[in-house]
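**Q** To start, I am sharing the structure in question, which I have written as C-alpha cells.
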Amino acid sequence: MAIGGDIIHKILDENYFDLLVENVLDIPLEEGEGITRINDRFSIIHIENNDFNMCSLSVYPYHTFPSIYVPNSTVSLERSSINPVRNNPGLSLFGQGVLIGFVDTGIKYEHEAFLNLDGSTRIVSIWDQTITDGNPPMGFTFGTEYDKAAINMALWNTDPLSIVPTTDSTGHGTMLAGIAAGTIIDSKNFSGVAPKADIIAVKLSLAKKYNRDIFGISQNVNCYQETNILLGIEYIKSVANQLRRPYIICIGMGSSQGNHDGHNALEITLNNLATVPRAGICIAAGNEGNSQRHYHGNFTLEENEKKIELRIGEMDKNFSMEIWQNATNRLMVEIISPKGEKVMSITPRFSECREHNFIMEPSKIYINNIIVEQETGEQLILIRFQEALSGIWIIKVINMDSFIGAFNAWLPAGDIISNETYFLKSDPDNTITSPATARNPVTVTAYDPFNNSILAESSRGFTTTGTVKPDIAAPGFRLPCPTIQGTDTYGTATGTGAAAAHTAGAAAMLMEWAVLRGNYTTITGRDINGLLIRGGKRNSYSNYPNPVWGYGQLDLLQVFQSLV
C-alpha cells in the first residue's frame, strides 16, 4: 500500500502534513516527501512542514486537505422487529457467518460482550493505527495488527494488555461494536442486534497537528482524518476478502466539511463499495439537526445581499466556516466584527488566500473565495478565524450577478466548536454530515423508541442536490451498550452513531439470510439499502420520503414480509 520503506514514519510523524490526491494526477514530490497508496483511485502525499502556513490552503487545493471527522454518538430491539426475526423458526437470523467492521476509536476486546461462551474472542482482527512497535497488516505500512490467535492468547493471560496492548480510550468504538454485534448476556439483560456476527475493528490514529491547524481545530478535540478512515475501510475489505466472507461496514463518524452532496473522496469510495456483491455500508446521519450550524440563503432579482449573523462564543477562538453555492452566480463577502471593523469586498479568485488582521482587536481571519473548487466545480468561500472576538459577527454574502440563486453555510460538526457558536437564523435541513450524503449506502437517522419521536439532534436531509437522505430511522436513544470502565460494565448510548450500529446489526442479519442461506448470494449494499427502505414502517399522516424520517422506521420483519 505504500512506496518507500520510511513512509511508516511520515504517516504518523507530526513533522509532516497529509494531502489526499487522485492517482491520475501527476504531482511532483520534493525531496523528503512520500506517497502512500490507499486504493486504485486515491493516495496520500506526506509533505514536510518546513514552510507550512494558513495560506498553504491556496498553494494546495482545498479538496486535497483531508476532511476531519468526529464521532456521532454519546428496549430498542422490539421496535425494529429484531427479536421477531431472531425468534422466527423460519428465519432465526443472528448474523452468523457475517463480518461487521468498525472504523472508529478501537475496541475493548477483553469485554464479555465480545467473547464466546468458552471465553474466546469473537473478534477476527484489530488494526491499531497508533501502535508502531508491532507488525502492520499485510500490504500496509504502519500500525499493528492483532489477529484472533493473538487476542485469544491475551485473553488467557492474567494481564491481557501485556500481550495485546490496544485499547479504546473513549469507548465510542466499543459502543458501536456492542450495539451491532454484542454477545447475548442474559444476566445483564444485554444483547447486540447480531450476536453471532464476527467483528473487525480499526483503531484510528488521531488527526495530525498541521491537518488540524489548517482548519483551526484544537489539539484537544478527538477527531480523525479522512485519509486514515479510507485506509481503515481498505483494511476491512482486505480481511473480508481473505476470509471470503460477506461483510458490513459501520461508520459512526461525520464531518460538516464539503458541499454536502456525496462527492468527496470518502463518499465516492463508500458509494462504489456499496455496489460490490456481499458488502454493505451503514452510516450515521449526524447529530447536527438542532446545533444551529447551518444557514441557507436565497437571492431574488430584488434582493442580492444576505447578512449571516454568526454568534461566536468565548471558547471558540479558532475555527472555520464554509459557504458553498452551485448556481451560475458569483458571490463576494464582506465581514464585520463585533466592534464594527470591516473586511470589504472579497471577490472570487482561483487560488487567492486573503489574510486580514483587525486593528481594534486581536482577531485575524483568512479568506479563500474560490470561484471553482476543483473537486465539485462549485464556488467555495472558506473563512478561518484566529483569536476571534466573541460576540455577533456579520458575514455579508453579496450576489455579483443578476440571477436568482441560493447558497449554504456550515460550521464544524461535533465537539470541534462549542454550543456557544452558532448562526442566529439557522436552518435544520441539509445537515446530514459526510459521508452519509453518499447515495448508495444506508444513511441512518435516530429516534427515541420510548416515545416514537425523532431525536432533536438528528441531522436532517436532503442533500444539497436533492438526493433523499436519511434513508431510514432506527432506535438511537439510550441504547444498552458495553463500556470501557470494566470487562462486564454496561451503559447506554444516544445519537445517530448508535442508530447506525443498530442498523448494521440488522443489515448483517439480512446479509446472513441472503448469502449464507443462499437466497441472494450477490446482494450489494445498495440492495440492502433498497430492501430496508421497502420494509420501512410508515405512518398514515406523514409524507414519505421526508428530510426528518427518510423512508420511515427500520422494521426488519416487514422487510422479509415485503419479499413474499
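Chains: A, B, ... in order of the C-alpha cells. Residues: from 1 per chain. Ligands: from 1, in order shown.
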Do you know which residues are at most 10 Å from region 78-92 of chain A counting only C-alpha atoms, after dropping those on the same chain fewer than 4 positions away, and could you put them as a tab-separated table (two decimals) with N, CA and C atoms, in the first residue's frame?

**A**
```
chain	number	residue	atom	x	y	z
A	193	VAL	N	-27.51	-6.58	18.29
A	193	VAL	CA	-28.54	-6.93	17.30
A	193	VAL	C	-28.18	-8.23	16.59
A	194	ALA	N	-26.91	-8.38	16.23
A	194	ALA	CA	-26.46	-9.60	15.52
A	194	ALA	C	-25.39	-10.29	16.37
A	448	ASP	N	-36.28	8.08	19.23
A	448	ASP	CA	-36.44	7.59	20.60
A	448	ASP	C	-37.49	6.49	20.60
A	449	PRO	N	-37.10	5.24	20.85
A	449	PRO	CA	-38.07	4.15	20.80
A	449	PRO	C	-39.08	4.17	21.95
A	450	PHE	N	-38.80	4.98	22.97
A	450	PHE	CA	-39.71	5.03	24.11
A	450	PHE	C	-40.93	5.91	23.84
A	452	ASN	N	-41.36	7.26	20.45
A	452	ASN	CA	-41.55	7.21	18.99
A	452	ASN	C	-41.33	8.56	18.31
A	473	ALA	N	-34.85	5.47	9.68
A	473	ALA	CA	-34.68	5.86	11.08
A	473	ALA	C	-34.62	4.61	11.94
A	474	ALA	N	-33.66	4.58	12.86
A	474	ALA	CA	-33.51	3.44	13.76
A	474	ALA	C	-33.43	3.93	15.19
A	475	PRO	N	-33.69	3.04	16.16
A	475	PRO	CA	-33.56	3.45	17.56
A	475	PRO	C	-32.17	4.01	17.85
A	502	HIS	N	-27.00	-0.08	15.31
A	502	HIS	CA	-28.21	-0.92	15.38
A	502	HIS	C	-28.58	-1.41	13.98
A	503	THR	N	-28.54	-0.52	13.02
A	503	THR	CA	-28.90	-0.87	11.64
A	503	THR	C	-27.86	-1.80	11.02
A	505	GLY	N	-26.24	-4.10	12.56
A	505	GLY	CA	-26.60	-5.44	13.03
A	505	GLY	C	-27.76	-6.02	12.24
A	506	ALA	N	-28.78	-5.19	11.96
A	506	ALA	CA	-29.91	-5.66	11.17
A	506	ALA	C	-29.46	-6.02	9.75
A	509	MET	N	-27.91	-9.42	9.67
A	509	MET	CA	-28.93	-10.47	9.66
A	509	MET	C	-29.49	-10.66	8.25
A	510	LEU	N	-29.72	-9.55	7.56
A	510	LEU	CA	-30.21	-9.62	6.19
A	510	LEU	C	-29.16	-10.26	5.27
A	512	GLU	N	-26.90	-12.44	6.23
A	512	GLU	CA	-26.88	-13.87	6.55
A	512	GLU	C	-27.97	-14.59	5.75
A	513	TRP	N	-29.17	-14.03	5.74
A	513	TRP	CA	-30.28	-14.64	5.00
A	513	TRP	C	-29.97	-14.70	3.52
A	517	ARG	N	-27.58	-18.21	3.62
A	517	ARG	CA	-28.71	-19.11	3.39
A	517	ARG	C	-28.96	-19.35	1.90
A	536	GLY	N	-39.58	-0.23	5.39
A	536	GLY	CA	-39.71	0.81	6.41
A	536	GLY	C	-41.13	0.94	6.93
A	537	LYS	N	-41.24	1.20	8.22
A	537	LYS	CA	-42.55	1.39	8.85
A	537	LYS	C	-42.95	2.86	8.70
A	553	GLN	N	-39.32	4.11	9.64
A	553	GLN	CA	-38.58	3.41	10.70
A	553	GLN	C	-38.13	2.03	10.24
A	554	LEU	N	-36.95	1.65	10.70
A	554	LEU	CA	-36.43	0.32	10.42
A	554	LEU	C	-37.37	-0.75	10.96
A	555	ASP	N	-37.73	-1.70	10.11
A	555	ASP	CA	-38.58	-2.82	10.51
A	555	ASP	C	-38.13	-4.05	9.73
A	556	LEU	N	-37.27	-4.85	10.34
A	556	LEU	CA	-36.65	-5.96	9.63
A	556	LEU	C	-37.65	-7.04	9.27
A	557	LEU	N	-38.61	-7.32	10.14
A	557	LEU	CA	-39.62	-8.32	9.81
A	557	LEU	C	-40.43	-7.89	8.59
A	558	GLN	N	-40.75	-6.62	8.52
A	558	GLN	CA	-41.50	-6.11	7.37
A	558	GLN	C	-40.69	-6.21	6.09
A	559	VAL	N	-39.36	-6.15	6.21
A	559	VAL	CA	-38.51	-6.36	5.03
A	559	VAL	C	-38.77	-7.74	4.45
A	560	PHE	N	-38.76	-8.75	5.31
A	560	PHE	CA	-38.97	-10.12	4.83
A	560	PHE	C	-40.41	-10.32	4.36
```

**Q** With a cut-off of 12 Å, could you pull out the residues of region 210-301 of chain A touching region 49-72 of chain A and give me the nearest pair of atoms for each, distance in Å to one decimal, using only C-alpha atoms, ordered by chain and ascending number, as a Markdown table?

**A**
```
| residue | atom | partner | partner_atom | distance |
| --- | --- | --- | --- | --- |
| A:Tyr210 | CA | A:Asn49 | CA | 7.9 |
| A:Asn211 | CA | A:Phe65 | CA | 7.3 |
| A:Arg212 | CA | A:Ile68 | CA | 7.7 |
| A:Asp213 | CA | A:Met54 | CA | 7.8 |
| A:Ile214 | CA | A:Met54 | CA | 5.7 |
| A:Phe215 | CA | A:Met54 | CA | 8.4 |
| A:Gly216 | CA | A:Met54 | CA | 9.2 |
| A:Ile217 | CA | A:Ile68 | CA | 9.0 |
| A:Ser218 | CA | A:Ile68 | CA | 11.8 |
| A:Val221 | CA | A:Val70 | CA | 8.6 |
| A:Asn222 | CA | A:Val70 | CA | 6.8 |
| A:Cys223 | CA | A:Val70 | CA | 4.9 |
| A:Tyr224 | CA | A:Tyr69 | CA | 5.1 |
| A:Gln225 | CA | A:Ile68 | CA | 4.9 |
| A:Glu226 | CA | A:Pro66 | CA | 5.1 |
| A:Thr227 | CA | A:Pro66 | CA | 6.2 |
| A:Asn228 | CA | A:Pro66 | CA | 9.2 |
| A:Ile229 | CA | A:Tyr69 | CA | 9.0 |
| A:Leu230 | CA | A:Pro66 | CA | 10.3 |
| A:Cys250 | CA | A:Asn72 | CA | 11.8 |
| A:Ile251 | CA | A:Asn72 | CA | 9.1 |
| A:Gly252 | CA | A:Asn72 | CA | 5.5 |
| A:Met253 | CA | A:Pro71 | CA | 4.3 |
| A:Gly254 | CA | A:Tyr69 | CA | 5.1 |
| A:Ser255 | CA | A:Tyr69 | CA | 4.8 |
| A:Ser256 | CA | A:Tyr69 | CA | 8.3 |
| A:Gln257 | CA | A:Ser67 | CA | 6.3 |
| A:Gly258 | CA | A:Ser67 | CA | 8.0 |
| A:Asn259 | CA | A:His63 | CA | 10.9 |
| A:His263 | CA | A:His63 | CA | 10.8 |
| A:Asn264 | CA | A:His63 | CA | 8.0 |
| A:Ala265 | CA | A:His63 | CA | 8.9 |
| A:Leu266 | CA | A:Ser67 | CA | 9.1 |
| A:Glu267 | CA | A:Ser67 | CA | 11.3 |
| A:Ile283 | CA | A:Asn72 | CA | 9.8 |
| A:Ala284 | CA | A:Asn72 | CA | 6.8 |
| A:Ala285 | CA | A:Asn72 | CA | 8.2 |
| A:Gly286 | CA | A:Asn72 | CA | 5.7 |
| A:Asn287 | CA | A:Asn72 | CA | 6.3 |
| A:Glu288 | CA | A:Asn72 | CA | 9.3 |
```

**Q** So which residues of region 99-305 of chain A fall under strand (DSSP E or B) by DSSP, listed as an MDAnalysis selection string?

**A** chainID A and resid 99:105 115 121 123:128 144:147 185 190 198:203 224:225 247:251 253:255 277 279:284 294:299 305

**Q** Would you mind reading off the distance between CA of Gly143 (chain A) and CA of Ile11 (chain A), one decimal, in Å?

**A**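 CA of Ile11 (chain A) lies 9.8 Å from CA of Gly143 (chain A).
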
**Q** Between CA of Leu231 (chain A) and CA of Ile47 (chain A), what is the spacing in Å?

**A**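 Computing it gives 18.3 Å between the two atoms.
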
**Q** Between CA of Glu378 (chain A) and CA of Ile365 (chain A), what distance in Å does the model show, to one decimal?

**A**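 CA of Glu378 (chain A) sits 22.2 Å away from CA of Ile365 (chain A).
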
**Q** With only C-alpha atoms as the counted atoms, please give the residues lying no more than 9 Å from region 298-306 of chain A, apart from itself and same-chain residues fewer than 3 positions off, as a PyMOL selection string.

**A** chain A and resi 395-407

**Q** Of the candidates A:Leu20, A:Met315, A:Ala508, A:Ile370, which one gets nearest to Arg245 (chain A) if we count only C-alpha atoms?

**A**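 For Arg245 (chain A), the nearest of the given residues is A:Ala508.
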
**Q** Identify which of the residues A:Lys188, A:Lys209, A:His46, A:Lys469 lies closest to Ala113 (chain A), counting only C-alpha atoms when measuring atom-to-atom distances.

**A**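 Of all the options, A:Lys188 lies closest to Ala113 (chain A).
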
**Q** Using only C-alpha atoms, which of the listed residues (A:Thr421, A:Ser459, A:Ser540, A:Gln379) sits closest to Thr328 (chain A)?

**A**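 Using only C-alpha atoms, the shortest distance to Thr328 (chain A) belongs to A:Gln379.
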
**Q** When DSSP is applied to the backbone of this structure, which of region 335-508 of chain A are assigned alpha helix (DSSP H)? Write them out as a VMD selection string.

**A** chain A and resid 496 to 508

**Q** So that I have them on file, write out the residues from the current selection with C-alpha atoms, as a PDB file, in the first residue's frame.

**A**
```pdb
ATOM      1  CA  THR A 496     -27.163   8.582  15.104  1.00  0.00           C
ATOM      2  CA  GLY A 497     -23.913   6.632  15.578  1.00  0.00           C
ATOM      3  CA  ALA A 498     -25.775   4.277  17.927  1.00  0.00           C
ATOM      4  CA  ALA A 499     -28.642   4.079  15.411  1.00  0.00           C
ATOM      5  CA  ALA A 500     -26.205   3.238  12.592  1.00  0.00           C
ATOM      6  CA  ALA A 501     -24.707   0.438  14.708  1.00  0.00           C
ATOM      7  CA  HIS A 502     -28.207  -0.918  15.381  1.00  0.00           C
ATOM      8  CA  THR A 503     -28.895  -0.872  11.644  1.00  0.00           C
ATOM      9  CA  ALA A 504     -25.524  -2.507  10.872  1.00  0.00           C
ATOM     10  CA  GLY A 505     -26.603  -5.444  13.031  1.00  0.00           C
ATOM     11  CA  ALA A 506     -29.908  -5.663  11.166  1.00  0.00           C
ATOM     12  CA  ALA A 507     -28.034  -5.489   7.846  1.00  0.00           C
ATOM     13  CA  ALA A 508     -25.817  -8.377   8.995  1.00  0.00           C
TER      14      ALA A 508
END
```

**Q** Which one of A:Glu457, A:Glu334, A:Asp13, A:Glu22 sits closest to His356 (chain A) if you count only C-alpha atoms?

**A**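 Between A:Glu457, A:Glu334, A:Asp13, A:Glu22, the residue approaching His356 (chain A) most closely is A:Glu334.
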
**Q** Please identify all polymer residues within 7 Å of region 524-528 of chain A, counting only C-alpha atoms, omitting same-chain residues fewer than 6 positions from it, and present them as a list in words.

**A**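 The filter keeps Ala274, Thr275, Val276, Pro277, Arg278, Ala279, Gly280, Ile281, Asn440, Pro441 and Ala507 of chain A.
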
**Q** What lies within 7 Å of Arg460 (chain A) using only C-alpha atoms, ignoring chain neighbours under 6 positions off, as a ChimeraX atom specification?

**A** /A:289,428-432,547-548

**Q** How would the residues just chosen look if you wrote them out with all heavy atoms as a PDB file, in the first residue's frame?

**A**
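Okay, again_2.pdb is ready:
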```pdb
ATOM      1  N   GLY A 289     -28.799  18.368  13.778  1.00  0.00           N
ATOM      2  CA  GLY A 289     -30.140  18.883  13.485  1.00  0.00           C
ATOM      3  C   GLY A 289     -30.539  20.100  14.290  1.00  0.00           C
ATOM      4  O   GLY A 289     -31.230  20.988  13.775  1.00  0.00           O
ATOM      5  N   PRO A 428     -32.353  23.838  10.059  1.00  0.00           N
ATOM      6  CA  PRO A 428     -32.007  22.466  10.453  1.00  0.00           C
ATOM      7  C   PRO A 428     -31.887  21.494   9.285  1.00  0.00           C
ATOM      8  O   PRO A 428     -31.319  20.412   9.448  1.00  0.00           O
ATOM      9  CB  PRO A 428     -33.153  22.061  11.371  1.00  0.00           C
ATOM     10  CG  PRO A 428     -34.318  22.863  10.887  1.00  0.00           C
ATOM     11  CD  PRO A 428     -33.738  24.175  10.445  1.00  0.00           C
ATOM     12  N   ASP A 429     -32.398  21.855   8.112  1.00  0.00           N
ATOM     13  CA  ASP A 429     -32.304  20.974   6.948  1.00  0.00           C
ATOM     14  C   ASP A 429     -30.896  21.031   6.337  1.00  0.00           C
ATOM     15  O   ASP A 429     -30.109  21.933   6.642  1.00  0.00           O
ATOM     16  CB  ASP A 429     -33.341  21.350   5.899  1.00  0.00           C
ATOM     17  CG  ASP A 429     -34.763  21.045   6.354  1.00  0.00           C
ATOM     18  OD1 ASP A 429     -34.926  20.228   7.279  1.00  0.00           O
ATOM     19  OD2 ASP A 429     -35.707  21.642   5.803  1.00  0.00           O
ATOM     20  N   ASN A 430     -30.592  20.076   5.466  1.00  0.00           N
ATOM     21  CA  ASN A 430     -29.270  19.978   4.816  1.00  0.00           C
ATOM     22  C   ASN A 430     -28.145  19.858   5.834  1.00  0.00           C
ATOM     23  O   ASN A 430     -27.053  20.397   5.624  1.00  0.00           O
ATOM     24  CB  ASN A 430     -29.003  21.192   3.917  1.00  0.00           C
ATOM     25  CG  ASN A 430     -30.039  21.369   2.822  1.00  0.00           C
ATOM     26  OD1 ASN A 430     -30.613  22.431   2.692  1.00  0.00           O
ATOM     27  ND2 ASN A 430     -30.277  20.331   2.032  1.00  0.00           N
ATOM     28  N   THR A 431     -28.403  19.142   6.924  1.00  0.00           N
ATOM     29  CA  THR A 431     -27.382  18.986   7.966  1.00  0.00           C
ATOM     30  C   THR A 431     -26.833  17.563   8.048  1.00  0.00           C
ATOM     31  O   THR A 431     -26.092  17.238   8.981  1.00  0.00           O
ATOM     32  CB  THR A 431     -27.927  19.412   9.341  1.00  0.00           C
ATOM     33  OG1 THR A 431     -29.171  18.753   9.605  1.00  0.00           O
ATOM     34  CG2 THR A 431     -28.136  20.912   9.401  1.00  0.00           C
ATOM     35  N   ILE A 432     -27.199  16.695   7.109  1.00  0.00           N
ATOM     36  CA  ILE A 432     -26.595  15.362   7.040  1.00  0.00           C
ATOM     37  C   ILE A 432     -25.087  15.530   6.864  1.00  0.00           C
ATOM     38  O   ILE A 432     -24.635  16.261   5.977  1.00  0.00           O
ATOM     39  CB  ILE A 432     -27.161  14.554   5.860  1.00  0.00           C
ATOM     40  CG1 ILE A 432     -28.692  14.418   5.976  1.00  0.00           C
ATOM     41  CG2 ILE A 432     -26.490  13.188   5.772  1.00  0.00           C
ATOM     42  CD1 ILE A 432     -29.169  13.465   7.007  1.00  0.00           C
ATOM     43  N   PRO A 547     -37.347  14.842   4.919  1.00  0.00           N
ATOM     44  CA  PRO A 547     -35.988  15.122   5.400  1.00  0.00           C
ATOM     45  C   PRO A 547     -35.706  14.681   6.827  1.00  0.00           C
ATOM     46  O   PRO A 547     -34.549  14.639   7.229  1.00  0.00           O
ATOM     47  CB  PRO A 547     -35.879  16.656   5.281  1.00  0.00           C
ATOM     48  CG  PRO A 547     -36.954  17.058   4.330  1.00  0.00           C
ATOM     49  CD  PRO A 547     -38.056  16.072   4.551  1.00  0.00           C
ATOM     50  N   VAL A 548     -36.751  14.366   7.595  1.00  0.00           N
ATOM     51  CA  VAL A 548     -36.571  14.006   9.003  1.00  0.00           C
ATOM     52  C   VAL A 548     -36.465  12.490   9.170  1.00  0.00           C
ATOM     53  O   VAL A 548     -35.517  11.980   9.769  1.00  0.00           O
ATOM     54  CB  VAL A 548     -37.724  14.562   9.852  1.00  0.00           C
ATOM     55  CG1 VAL A 548     -37.574  14.138  11.311  1.00  0.00           C
ATOM     56  CG2 VAL A 548     -37.775  16.090   9.744  1.00  0.00           C
TER      57      VAL A 548
END
```
